[in-house]
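So this one's upload_38.txt, compact mmCIF, C-alpha atoms:
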```txt
# COMPACT_ATOMS: atom_id res chain seq x y z
CA MET A 8 -151.10 44.93 -52.15
CA VAL A 9 -148.00 45.80 -50.13
CA ALA A 10 -148.55 43.15 -47.45
CA PRO A 11 -148.55 40.11 -49.81
CA LEU A 12 -145.60 41.54 -51.69
CA PHE A 13 -143.76 42.06 -48.44
CA PHE A 14 -144.34 38.42 -47.49
CA VAL A 15 -143.19 37.19 -50.91
CA CYS A 16 -139.99 39.21 -50.57
CA PHE A 17 -139.57 38.09 -46.97
CA LEU A 18 -139.90 34.43 -47.98
CA ALA A 19 -137.51 34.97 -50.91
CA ALA A 20 -134.92 36.45 -48.56
CA ILE A 21 -135.31 33.58 -46.07
CA ASP A 22 -135.09 31.08 -48.90
CA ALA A 23 -131.93 32.69 -50.28
CA GLY A 24 -130.37 32.52 -46.82
CA LEU A 25 -131.31 28.88 -46.41
CA TRP A 26 -129.99 28.09 -49.88
CA ALA A 27 -126.67 29.71 -49.02
CA VAL A 28 -126.39 27.58 -45.86
CA GLU A 29 -127.34 24.42 -47.78
CA ASN A 30 -124.98 25.22 -50.64
CA GLY A 31 -122.11 25.84 -48.24
CA ALA A 32 -122.66 22.43 -46.66
CA GLU A 33 -122.91 20.79 -50.08
CA VAL A 34 -119.62 22.33 -51.27
CA ALA A 35 -117.86 21.25 -48.08
CA ALA A 36 -119.31 17.75 -48.28
CA VAL A 37 -118.39 17.27 -51.93
CA GLU A 38 -114.85 18.50 -51.26
CA GLN A 39 -114.55 16.13 -48.30
CA GLY A 40 -115.95 13.31 -50.44
CA ALA A 41 -113.43 14.01 -53.18
CA ARG A 42 -110.54 13.85 -50.71
CA LEU A 43 -111.84 10.57 -49.32
CA ALA A 44 -112.40 9.06 -52.74
CA ALA A 45 -109.01 10.26 -53.96
CA ALA A 46 -107.30 8.75 -50.94
CA ALA A 47 -109.09 5.43 -51.35
CA GLY A 48 -108.05 4.74 -54.92
CA PRO A 49 -107.23 1.20 -56.06
CA SER A 50 -103.84 0.14 -54.77
CA PRO A 51 -101.35 -2.50 -55.84
CA LEU A 52 -102.39 -4.39 -52.70
CA GLY A 53 -105.89 -4.75 -54.06
CA ALA A 54 -107.74 -2.28 -51.86
CA PRO A 55 -111.21 -1.62 -53.26
CA PRO A 56 -111.73 1.50 -55.39
CA PRO A 57 -113.86 4.37 -54.02
CA ASP A 58 -117.58 3.73 -54.05
CA SER A 59 -120.63 5.91 -53.59
CA ARG A 60 -121.78 4.07 -50.46
CA SER A 61 -118.67 4.65 -48.38
CA VAL A 62 -118.32 8.27 -49.47
CA THR A 63 -122.00 8.93 -48.73
CA ALA A 64 -121.66 7.39 -45.28
CA ALA A 65 -118.72 9.70 -44.57
CA VAL A 66 -120.30 12.96 -45.76
CA ALA A 67 -123.93 12.35 -44.73
CA PRO A 68 -123.56 13.57 -41.11
CA ARG A 69 -122.25 16.94 -42.31
CA LEU A 70 -124.99 17.23 -44.93
CA ARG A 71 -127.80 16.29 -42.52
CA GLN A 72 -126.93 19.27 -40.32
CA ALA A 73 -127.72 21.70 -43.13
CA LEU A 74 -130.11 19.99 -45.55
CA PHE A 75 -133.37 20.18 -43.65
CA ALA A 76 -136.19 17.88 -44.82
CA THR A 77 -133.96 16.42 -47.52
CA LYS A 78 -133.03 12.74 -47.88
CA ILE A 79 -129.44 11.83 -48.64
CA ALA A 80 -128.74 8.62 -50.52
CA ALA A 81 -125.92 6.90 -52.36
CA TRP A 82 -126.60 6.65 -56.08
CA PRO A 83 -127.33 2.97 -56.64
CA ALA A 84 -126.36 2.62 -60.33
CA ALA A 85 -122.88 2.33 -61.80
CA SER A 86 -123.01 5.46 -63.95
CA CYS A 87 -123.80 8.81 -62.34
CA PRO A 88 -127.15 10.54 -63.02
CA ALA A 89 -127.15 13.20 -65.70
CA SER A 90 -129.72 15.52 -64.15
CA PRO A 91 -131.56 16.20 -60.88
CA ALA A 92 -134.76 14.99 -62.58
CA GLN A 93 -133.20 11.55 -62.99
CA VAL A 94 -132.52 11.41 -59.24
CA GLU A 95 -136.10 12.46 -58.49
CA ALA A 96 -137.45 9.75 -60.78
CA ALA A 97 -135.30 7.09 -59.15
CA LEU A 98 -135.21 8.10 -55.48
CA GLY A 99 -138.17 10.44 -54.99
CA ALA A 100 -138.70 14.12 -54.28
CA ARG A 101 -136.43 16.17 -52.01
CA THR A 102 -133.58 13.68 -52.29
CA VAL A 103 -129.94 14.29 -53.11
CA ALA A 104 -127.74 11.47 -54.33
CA VAL A 105 -124.00 11.15 -53.89
CA CYS A 106 -122.19 9.48 -56.75
CA VAL A 107 -118.52 8.62 -57.23
CA ASP A 108 -117.08 8.07 -60.66
CA GLU A 109 -113.50 7.06 -61.39
CA HIS A 110 -111.79 7.46 -64.73
CA ALA A 111 -108.60 5.51 -65.30
CA PRO A 112 -106.16 6.41 -68.08
CA PRO A 113 -105.53 3.88 -70.85
CA PRO A 114 -103.07 1.13 -69.90
CA CYS A 115 -99.48 1.63 -71.02
CA VAL A 116 -98.27 -0.62 -73.80
CA GLN A 117 -95.02 -1.11 -75.70
CA PRO A 118 -94.66 1.94 -77.99
CA PRO A 119 -94.36 1.43 -81.73
CA ALA A 120 -90.97 2.13 -83.29
CA ALA A 121 -89.89 5.80 -83.29
CA LEU A 122 -92.35 6.68 -80.50
CA ALA A 123 -91.23 7.33 -76.97
CA SER A 124 -92.67 5.65 -73.92
CA PRO A 125 -94.94 5.99 -72.00
CA TYR A 126 -97.39 5.05 -74.72
CA PRO A 127 -100.19 5.94 -75.35
CA GLN A 128 -99.93 9.52 -74.15
CA TYR A 129 -101.17 10.11 -70.57
CA CYS A 130 -101.13 6.36 -69.80
CA ASP A 131 -99.00 6.95 -66.71
CA ASP A 132 -101.31 9.65 -65.33
CA SER A 133 -102.96 8.97 -62.00
CA PRO A 134 -106.71 8.25 -62.37
CA THR A 135 -109.22 11.03 -61.82
CA VAL A 136 -112.15 10.71 -59.48
CA SER A 137 -115.33 12.80 -59.56
CA VAL A 138 -117.75 13.18 -56.69
CA LEU A 139 -121.18 14.39 -57.69
CA LEU A 140 -123.95 15.60 -55.39
CA ILE A 141 -127.15 15.88 -57.39
CA GLY A 142 -130.88 16.01 -56.78
CA HIS A 143 -133.37 18.40 -55.21
CA VAL A 144 -133.11 20.05 -51.80
CA ALA A 145 -136.11 21.13 -49.75
CA SER A 146 -136.95 24.78 -50.08
CA LEU A 147 -139.77 27.28 -49.58
CA VAL A 148 -140.24 27.66 -53.33
CA PRO A 149 -143.92 27.40 -54.34
CA PRO A 150 -144.99 25.05 -57.18
CA GLY A 151 -144.48 26.39 -60.69
CA PHE A 152 -141.71 28.76 -59.74
CA GLY A 153 -139.72 27.63 -62.75
CA LEU A 154 -136.60 26.27 -61.09
CA GLY A 155 -137.00 22.79 -62.50
CA GLY A 156 -138.25 20.91 -59.45
CA SER A 157 -141.78 20.43 -58.20
CA GLY A 158 -143.08 22.55 -55.33
CA GLY A 159 -141.04 22.78 -52.14
CA GLU A 160 -137.71 21.96 -53.68
CA ILE A 161 -134.97 23.39 -55.85
CA PRO A 162 -132.43 21.51 -57.94
CA ALA A 163 -128.89 21.05 -56.67
CA GLU A 164 -125.95 19.85 -58.68
CA LEU A 165 -122.36 20.07 -57.47
CA SER A 166 -119.38 18.18 -58.76
CA VAL A 167 -115.66 18.13 -58.09
CA THR A 168 -112.97 16.24 -59.94
CA THR A 169 -109.46 15.56 -58.74
CA HIS A 170 -106.61 13.16 -59.26
CA THR A 171 -106.41 10.15 -56.99
CA LEU A 172 -103.68 9.92 -54.43
CA ARG A 173 -100.63 8.01 -55.46
CA PHE A 174 -97.51 7.83 -53.40
CA ALA A 175 -95.35 9.53 -55.97
CA PRO A 176 -91.78 10.16 -54.79
CA MET B 26 -171.11 63.54 -48.97
CA THR B 27 -168.66 65.22 -51.31
CA CYS B 28 -166.25 65.62 -48.48
CA ARG B 29 -166.34 61.85 -47.61
CA ARG B 30 -165.84 60.83 -51.27
CA GLY B 31 -162.91 63.19 -51.52
CA ARG B 32 -161.32 61.75 -48.39
CA ARG B 33 -161.66 58.19 -49.77
CA ALA B 34 -160.11 59.21 -53.11
CA HIS B 35 -157.28 60.92 -51.25
CA SER B 36 -156.63 57.77 -49.19
CA SER B 37 -156.60 55.54 -52.32
CA ALA B 38 -154.17 57.84 -54.04
CA GLN B 39 -151.93 57.75 -51.01
CA ALA B 40 -152.00 53.89 -50.98
CA VAL B 41 -151.08 53.77 -54.67
CA LEU B 42 -148.22 56.19 -54.10
CA GLU B 43 -146.93 54.22 -51.10
CA THR B 44 -147.11 50.96 -53.05
CA ALA B 45 -145.28 52.51 -55.99
CA LEU B 46 -142.53 53.63 -53.61
CA VAL B 47 -142.29 50.44 -51.57
CA ILE B 48 -142.29 47.83 -54.39
CA PRO B 49 -139.00 48.90 -56.04
CA ILE B 50 -137.30 49.27 -52.67
CA LEU B 51 -138.41 45.79 -51.57
CA LEU B 52 -137.32 44.22 -54.86
CA LEU B 53 -134.01 46.06 -54.71
CA LEU B 54 -133.38 44.73 -51.20
CA VAL B 55 -134.26 41.15 -52.16
CA CYS B 56 -132.12 41.28 -55.34
CA ASN B 57 -129.10 42.47 -53.38
CA PHE B 58 -129.69 39.92 -50.63
CA ILE B 59 -129.74 37.10 -53.21
CA ALA B 60 -126.64 38.57 -54.89
CA VAL B 61 -124.72 38.46 -51.59
CA MET B 62 -125.77 34.83 -51.08
CA LEU B 63 -124.61 34.04 -54.61
CA GLN B 64 -121.29 35.75 -53.97
CA VAL B 65 -120.76 33.64 -50.84
CA ALA B 66 -121.61 30.45 -52.77
CA VAL B 67 -119.19 31.24 -55.61
CA GLN B 68 -116.44 32.14 -53.14
CA GLN B 69 -116.90 28.80 -51.37
CA GLN B 70 -116.68 26.90 -54.64
CA MET B 71 -113.57 28.84 -55.72
CA ASP B 72 -111.88 28.12 -52.37
CA SER B 73 -112.71 24.44 -52.70
CA ALA B 74 -111.50 24.17 -56.32
CA THR B 75 -108.27 26.05 -55.55
CA ALA B 76 -107.51 23.87 -52.51
CA LEU B 77 -108.04 20.67 -54.50
CA ALA B 78 -105.86 22.07 -57.29
CA ALA B 79 -102.96 22.75 -54.91
CA GLU B 80 -103.22 19.27 -53.39
CA SER B 81 -103.39 17.60 -56.82
CA ARG B 82 -99.82 18.62 -57.60
CA PHE B 83 -98.57 15.87 -55.29
CA GLN B 84 -100.27 13.11 -57.30
CA ALA B 85 -97.50 13.52 -59.89
CA THR B 86 -93.86 12.79 -59.24
CA GLN B 87 -91.41 15.60 -58.54
CA GLU B 88 -89.51 14.88 -61.77
CA ALA B 89 -92.51 14.35 -64.08
CA PHE B 90 -92.71 16.88 -66.90
CA ASP B 91 -95.30 16.75 -69.67
CA ALA B 92 -94.23 15.41 -73.03
CA ALA B 93 -94.59 17.25 -76.32
CA ASN B 94 -98.17 17.86 -77.51
CA SER B 95 -99.59 17.42 -74.01
CA ARG B 96 -102.63 19.43 -73.04
CA CYS B 97 -105.00 19.63 -70.13
CA CYS B 98 -107.93 17.32 -69.62
CA PRO B 99 -107.45 14.03 -71.44
CA ASP B 100 -110.37 13.07 -69.17
CA PRO B 101 -113.09 15.28 -70.68
CA ARG B 102 -114.89 15.65 -67.34
CA CYS B 103 -112.09 17.90 -66.13
CA CYS B 104 -112.69 20.79 -68.46
CA ALA B 105 -116.26 20.21 -69.61
CA HIS B 106 -117.34 23.71 -68.58
CA GLY B 107 -114.20 25.76 -69.00
CA SER B 108 -111.45 26.74 -71.36
CA GLY B 109 -108.97 24.38 -69.70
CA ALA B 110 -108.82 21.96 -72.62
CA ALA B 111 -107.09 24.68 -74.65
CA LEU B 112 -104.13 24.80 -72.26
CA LEU B 113 -100.98 23.30 -73.80
CA THR B 114 -98.80 21.85 -71.04
CA ALA B 115 -95.83 20.44 -72.92
CA GLY B 116 -92.59 21.01 -71.01
CA ILE B 117 -94.09 22.03 -67.67
CA PRO B 118 -94.42 19.86 -64.53
CA THR B 119 -97.17 17.27 -64.78
CA GLY B 120 -98.31 18.38 -61.33
CA CYS B 121 -99.29 21.75 -62.82
CA ARG B 122 -101.54 19.99 -65.33
CA TYR B 123 -103.09 17.95 -62.52
CA ALA B 124 -103.74 21.15 -60.59
CA ALA B 125 -105.42 22.78 -63.58
CA GLU B 126 -107.51 19.68 -64.26
CA SER B 127 -108.73 19.59 -60.67
CA PHE B 128 -109.54 23.29 -60.74
CA TYR B 129 -111.41 23.25 -64.04
CA GLY B 130 -113.15 20.01 -63.08
CA SER B 131 -114.40 21.47 -59.81
CA MET B 132 -115.21 25.05 -60.79
CA ARG B 133 -118.50 24.41 -62.49
CA GLY B 134 -121.96 25.88 -62.41
CA TYR B 135 -121.26 29.61 -62.39
CA ALA B 136 -119.25 29.89 -65.61
CA PRO B 137 -121.54 32.42 -67.37
CA MET B 138 -121.31 34.84 -64.44
CA LEU B 139 -117.55 34.80 -63.96
CA LEU B 140 -115.01 36.97 -65.73
CA TRP B 141 -111.65 35.40 -64.97
CA GLN B 142 -108.41 37.29 -64.56
CA THR B 143 -106.14 34.96 -66.47
CA ALA B 144 -102.46 34.48 -65.67
CA PRO B 145 -99.71 31.93 -66.38
CA LEU B 146 -100.64 28.44 -65.22
CA CYS B 147 -97.35 27.22 -63.85
CA LEU B 148 -94.73 29.29 -62.00
CA SER B 149 -91.75 28.77 -59.73
CA GLY B 150 -89.84 30.64 -57.09
CA GLY B 151 -92.35 32.84 -55.27
CA ASP B 152 -91.70 34.11 -51.77
CA SER B 153 -94.28 35.43 -49.29
CA ALA B 154 -91.69 38.01 -48.16
CA ARG B 155 -92.18 39.72 -51.52
CA GLY B 156 -95.82 40.35 -50.73
CA GLY B 157 -96.05 43.42 -52.95
CA SER B 158 -95.57 41.53 -56.22
CA ALA B 159 -98.07 39.13 -57.72
CA LEU B 160 -97.62 35.52 -56.55
CA GLY B 161 -94.62 36.56 -54.48
CA GLY B 162 -92.56 37.40 -57.55
CA ALA B 163 -92.81 33.89 -59.02
CA THR B 164 -91.75 33.48 -62.66
CA PRO B 165 -93.55 31.32 -65.23
CA TYR B 166 -91.99 28.06 -66.37
CA PRO B 167 -90.76 28.18 -69.97
CA GLY B 168 -93.68 27.12 -72.15
CA SER B 169 -96.32 27.60 -69.46
CA PRO B 170 -99.76 28.55 -70.84
CA ALA B 171 -100.25 32.29 -70.27
CA GLN B 172 -104.05 32.43 -70.12
CA SER B 173 -105.10 30.15 -67.30
CA GLU B 174 -107.90 30.76 -64.81
CA VAL B 175 -105.75 29.29 -62.04
CA SER B 176 -102.06 29.92 -61.35
CA CYS B 177 -99.92 27.55 -59.34
CA VAL B 178 -96.42 28.01 -57.98
CA VAL B 179 -94.81 24.57 -57.79
CA GLY B 180 -91.33 23.24 -57.25
CA ALA B 181 -89.99 20.54 -59.55
CA THR B 182 -86.83 18.95 -60.88
CA SER B 183 -86.58 18.78 -64.66
CA PRO B 184 -85.35 15.65 -66.48
CA ALA B 185 -82.13 17.62 -67.14
CA GLY B 186 -81.64 18.01 -63.38
CA ILE B 187 -82.56 21.68 -63.14
CA VAL B 188 -84.22 22.41 -59.80
CA PHE B 189 -87.14 24.84 -59.81
CA ALA B 190 -88.04 26.27 -56.40
CA GLY B 191 -91.56 26.16 -55.00
CA TYR B 192 -93.35 28.97 -53.14
CA VAL B 193 -91.68 29.85 -49.84
CA ASP B 194 -94.21 30.72 -47.16
CA ARG B 195 -92.35 32.58 -44.38
CA ALA B 196 -95.32 32.34 -42.04
CA LEU B 197 -94.65 28.62 -41.76
CA ASN B 198 -91.49 27.69 -39.86
CA PRO B 199 -90.25 31.33 -39.59
CA PRO B 200 -87.95 32.89 -40.51
CA ARG B 201 -86.70 30.38 -43.11
CA GLY B 202 -90.16 29.39 -44.26
CA LEU B 203 -91.38 26.21 -45.93
CA SER B 204 -91.58 25.39 -49.60
CA VAL B 205 -95.22 24.76 -50.48
CA VAL B 206 -97.46 24.55 -53.52
CA MET B 207 -99.54 27.70 -53.86
CA CYS B 208 -102.49 28.14 -56.19
CA GLN B 209 -104.46 31.31 -56.78
CA ALA B 210 -107.49 32.29 -58.84
CA THR B 211 -109.25 35.64 -59.27
CA ALA B 212 -112.54 36.39 -60.99
CA THR B 213 -115.13 39.13 -61.16
CA LEU B 214 -118.73 38.16 -60.52
CA ASP B 215 -120.80 39.74 -63.25
CA PHE B 216 -124.50 39.97 -62.42
CA SER B 217 -125.33 41.69 -65.71
CA LYS B 218 -126.04 38.33 -67.36
CA THR B 219 -128.54 37.30 -64.68
CA PRO B 220 -132.06 38.47 -63.79
CA LEU B 221 -130.47 40.15 -60.76
CA ALA B 222 -128.96 42.79 -63.05
CA TRP B 223 -132.20 44.72 -62.55
CA GLY B 224 -131.24 45.71 -59.00
CA VAL B 225 -127.59 44.79 -58.46
CA PHE B 226 -125.15 47.41 -59.57
CA TRP B 227 -121.88 46.12 -58.08
CA ARG B 228 -119.39 43.61 -59.46
CA PRO B 229 -117.37 41.99 -56.68
CA THR B 230 -113.91 40.61 -57.39
CA LEU B 231 -113.40 37.25 -55.75
CA SER B 232 -110.02 35.75 -55.05
CA ALA B 233 -109.11 32.30 -53.78
CA HIS B 234 -105.71 31.33 -52.45
CA ALA B 235 -104.65 27.87 -51.28
CA GLU B 236 -101.41 26.34 -50.14
CA ALA B 237 -100.56 22.66 -49.83
CA LEU B 238 -97.65 21.28 -47.85
CA PRO B 239 -95.71 18.42 -49.40
CA PRO B 240 -96.56 15.02 -47.92
CA PRO B 241 -94.12 13.95 -45.15
CA PHE B 242 -92.18 11.57 -47.40
CA ARG B 243 -91.32 14.51 -49.67
CA GLN B 244 -90.18 16.91 -46.96
```
Is it possible to express this structure as structure tokens?
Amino acid sequence: MVAPLFFVCFLAAIDAGLWAVENGAEVAAVEQGARLAAAAGPSPLGAPPPDSRSVTAAVAPRLRQALFATKIAAWPAASCPASPAQVEAALGARTVAVCVDEHAPPPCVQPPAALASPYPQYCDDSPTVSVLLIGHVASLVPPGFGLGGSGGEIPAELSVTTHTLRFAP
Amino acid sequence: MTCRRGRRAHSSAQAVLETALVIPILLLLVCNFIAVMLQVAVQQQMDSATALAAESRFQATQEAFDAANSRCCPDPRCCAHGSGAALLTAGIPTGCRYAAESFYGSMRGYAPMLLWQTAPLCLSGGDSARGGSALGGATPYPGSPAQSEVSCVVGATSPAGIVFAGYVDRALNPPRGLSVVMCQATATLDFSKTPLAWGVFWRPTLSAHAEALPPPFRQ
């Protein structure tokens, strides 16, 4: 009785340690991705806006060091996935996807009489960019553990949002 | 015969007693190990969100102040999981709103477990030499929201030409120091709303502090 329980607890402790290492790498990668995406915003010179492929290529080496037995892919669709299950359905088990989503404010227009410019409100804000890392990472969790994924994986979902870089004086 | 049966019964009773003693201790150890891992993960995310918040201030111009009726998070992704959308930012530097939006947009996932120590969102004039006082003795901007999960000390110039000082960090370029943007957030990690409450009896207070230097063209 004690021996199996000891092994379950031992595996749980190892798994928690691995998860902490993986999560640390994910947080660092998403933060790095957000800085890259924010710095690569659309410019008046026509530079391309941030995309998932370039951000994934930049953060993948850091992620590969920590995410053992997990595939890293750029999310292929235009809109980001809503849940880790959606990533699993599209890209397979034990895969995390990196997705970049930019949100631009409404364009400024001539304000109606008695209203001050800029109009509409927030139109002169810098765009926001979100970098999302979502999917399932490999883990020692047995099937049916109740964490949402199938056996040998646990869901991961991290997101950061920041304003894109603009050379504001 | 009776003696052997008695010895076997004694040994079984001893095994049951040992198991009853070992199981709670093992579970207690595992619960606390997982809690420490969780604490590390939350601290990392707080550090990341606070750093991005401090850097976001520079995406707004030095003279930009929010107009009347402004509030955080016109982009709903920013405050989807926090109380940031309730922050009214009229009359404070736009950079403060950007900082709050970055913080609330990045600090996701652990909301039910965190009890935030709220403070004014936007302040000016702190100095690291006044280490004893909160945020280096910085004072809130007039009209700054008072209940924010993140506090930022930023310098700005109002449309009326009033100059508000940033946070002076004396460790940089001593002894005069450098004016930087400083953001800080503090929260208590509450395990009582998780299954770990069974074996975790401590509530750590986590604090994140980040400073961002102005870009070269602003220095």
Taking a cut-off of 7 Å and counting all atoms listed in the file, can you build a table that, for each residue of chain B near chain A, reports the nearest atom pair and how far apart they are in Å (one decimal), sorted by chain then residue number, as a tab-separated table?
```
residue	atom	partner	partner_atom	distance
B:Thr44	CA	A:Val9	CA	6.0
B:Leu51	CA	A:Cys16	CA	6.8
B:Val55	CA	A:Ala20	CA	6.0
B:Phe58	CA	A:Ala20	CA	6.6
B:Ile59	CA	A:Ala23	CA	5.7
B:Met62	CA	A:Ala27	CA	5.6
B:Ala66	CA	A:Ala27	CA	6.3
B:Gln69	CA	A:Gly31	CA	6.8
B:Gln70	CA	A:Val34	CA	6.4
B:Ser73	CA	A:Glu38	CA	6.5
B:Leu77	CA	A:Thr169	CA	6.8
B:Ser81	CA	A:His170	CA	6.0
B:Gln84	CA	A:Arg173	CA	5.4
B:Ala85	CA	A:Ala175	CA	6.0
B:Thr86	CA	A:Ala175	CA	4.9
B:Gln87	CA	A:Pro176	CA	6.6
B:Cys103	CA	A:Thr168	CA	6.5
B:Tyr123	CA	A:His170	CA	6.8
B:Ser127	CA	A:Thr169	CA	4.5
B:Gly130	CA	A:Thr168	CA	4.9
B:Ser131	CA	A:Val167	CA	4.0
B:Arg243	CA	A:Pro176	CA	6.7
```
Exercise for the section: Would you list the contacts of Ala80 (chain A) as a PyMOL selection string, taking every protein, DNA or RNA residue within 10 Å and counting all atoms listed in the file, but skipping same-chain residues closer than 4 positions in sequence? Expected result: chain A and resi 59-60+63-64+67+94+98+102-106+140+142
Practice task
May I ask for the distance between CA of Ala93 (chain B) and CA of Trp141 (chain B), given in Å to one decimal place?
Solution key: 27.4 Å
Practice task
Find, counting only C-alpha atoms, the residue in A:Cys130, A:Ser157, A:Pro119, A:Glu109 that gets nearest to Arg102 (chain B).
Solution key: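 Looking only at the distances to Arg102 (chain B), the closest residue turns out to be A:Glu109.
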Practice task
Provide the CA of Cys87 (chain A) to CA of Pro149 (chain A) distance in Å, to one decimal place.
Solution key: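 Between these atoms lies a distance of 28.5 Å.
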Problem - Selected residue of minimal separation from Ala110 (chain B) among B:Ser173, B:Ser149, B:Gln142, B:Asn57, counting only C-alpha atoms - result: B:Ser173
Handout entry: For CA of Ala89 (chain A) and CA of Leu214 (chain B), the interatomic separation in Å (one decimal)
Key =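 Atom-to-atom, CA of Ala89 (chain A) to CA of Leu214 (chain B), that is 26.8 Å.
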Could you pull the residues within 10 Å of Ala222 (chain B), counting only C-alpha atoms, minus those fewer than 6 positions along the same chain, as a PDB file with C-alpha atoms, keeping the file's coordinate frame?
```pdb
ATOM      1  CA  CYS B  56    -132.120  41.280 -55.340  1.00  0.00           C
ATOM      2  CA  ASN B  57    -129.100  42.470 -53.380  1.00  0.00           C
ATOM      3  CA  ALA B  60    -126.640  38.570 -54.890  1.00  0.00           C
ATOM      4  CA  ASP B 215    -120.800  39.740 -63.250  1.00  0.00           C
ATOM      5  CA  PHE B 216    -124.500  39.970 -62.420  1.00  0.00           C
TER       6      PHE B 216
END
```
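Between Pro127 (chain A) and the residues A:Leu139, A:Arg101, A:Ser90, A:Pro113, the shortest atom-to-atom distance, using only C-alpha atoms, involves A:Pro113.
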Exercise for the section: Name the closest residue to Leu112 (chain B) among the candidates B:Met207, B:Met132, B:Ala144, B:Leu197; distances are taken between atoms, counting all atoms listed in the file. Expected result: B:Ala144
I want to know what sits within 12 Å of region 209-211 of chain B, based on all atoms listed in the file, with residues of the same chain fewer than 4 positions away left out; could you give that as a compact mmCIF listing (two decimals) with C-alpha atoms, in the frame of the given file?
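Result file follows (result.txt):
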```
# COMPACT_ATOMS: atom_id res chain seq x y z
CA VAL B 67 -119.19 31.24 -55.61
CA GLN B 68 -116.44 32.14 -53.14
CA GLN B 70 -116.68 26.90 -54.64
CA MET B 71 -113.57 28.84 -55.72
CA ASP B 72 -111.88 28.12 -52.37
CA SER B 73 -112.71 24.44 -52.70
CA ALA B 74 -111.50 24.17 -56.32
CA THR B 75 -108.27 26.05 -55.55
CA ALA B 76 -107.51 23.87 -52.51
CA LEU B 77 -108.04 20.67 -54.50
CA ALA B 78 -105.86 22.07 -57.29
CA ALA B 79 -102.96 22.75 -54.91
CA ALA B 124 -103.74 21.15 -60.59
CA ALA B 125 -105.42 22.78 -63.58
CA PHE B 128 -109.54 23.29 -60.74
CA TYR B 129 -111.41 23.25 -64.04
CA MET B 132 -115.21 25.05 -60.79
CA LEU B 139 -117.55 34.80 -63.96
CA LEU B 140 -115.01 36.97 -65.73
CA TRP B 141 -111.65 35.40 -64.97
CA GLN B 142 -108.41 37.29 -64.56
CA THR B 143 -106.14 34.96 -66.47
CA ALA B 144 -102.46 34.48 -65.67
CA PRO B 145 -99.71 31.93 -66.38
CA LEU B 146 -100.64 28.44 -65.22
CA CYS B 147 -97.35 27.22 -63.85
CA LEU B 148 -94.73 29.29 -62.00
CA ALA B 159 -98.07 39.13 -57.72
CA LEU B 160 -97.62 35.52 -56.55
CA GLY B 161 -94.62 36.56 -54.48
CA GLN B 172 -104.05 32.43 -70.12
CA SER B 173 -105.10 30.15 -67.30
CA GLU B 174 -107.90 30.76 -64.81
CA VAL B 175 -105.75 29.29 -62.04
CA SER B 176 -102.06 29.92 -61.35
CA CYS B 177 -99.92 27.55 -59.34
CA VAL B 178 -96.42 28.01 -57.98
CA VAL B 179 -94.81 24.57 -57.79
CA TYR B 192 -93.35 28.97 -53.14
CA PRO B 229 -117.37 41.99 -56.68
CA THR B 230 -113.91 40.61 -57.39
CA LEU B 231 -113.40 37.25 -55.75
CA SER B 232 -110.02 35.75 -55.05
CA ALA B 233 -109.11 32.30 -53.78
CA HIS B 234 -105.71 31.33 -52.45
CA ALA B 235 -104.65 27.87 -51.28
CA GLU B 236 -101.41 26.34 -50.14
CA ALA B 237 -100.56 22.66 -49.83
```
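The shortest atom-to-atom distance to Ala171 (chain B), with only C-alpha atoms taken into account, belongs to B:Gly109 out of B:Gly109, B:Leu238, B:Pro49, B:Ala34.
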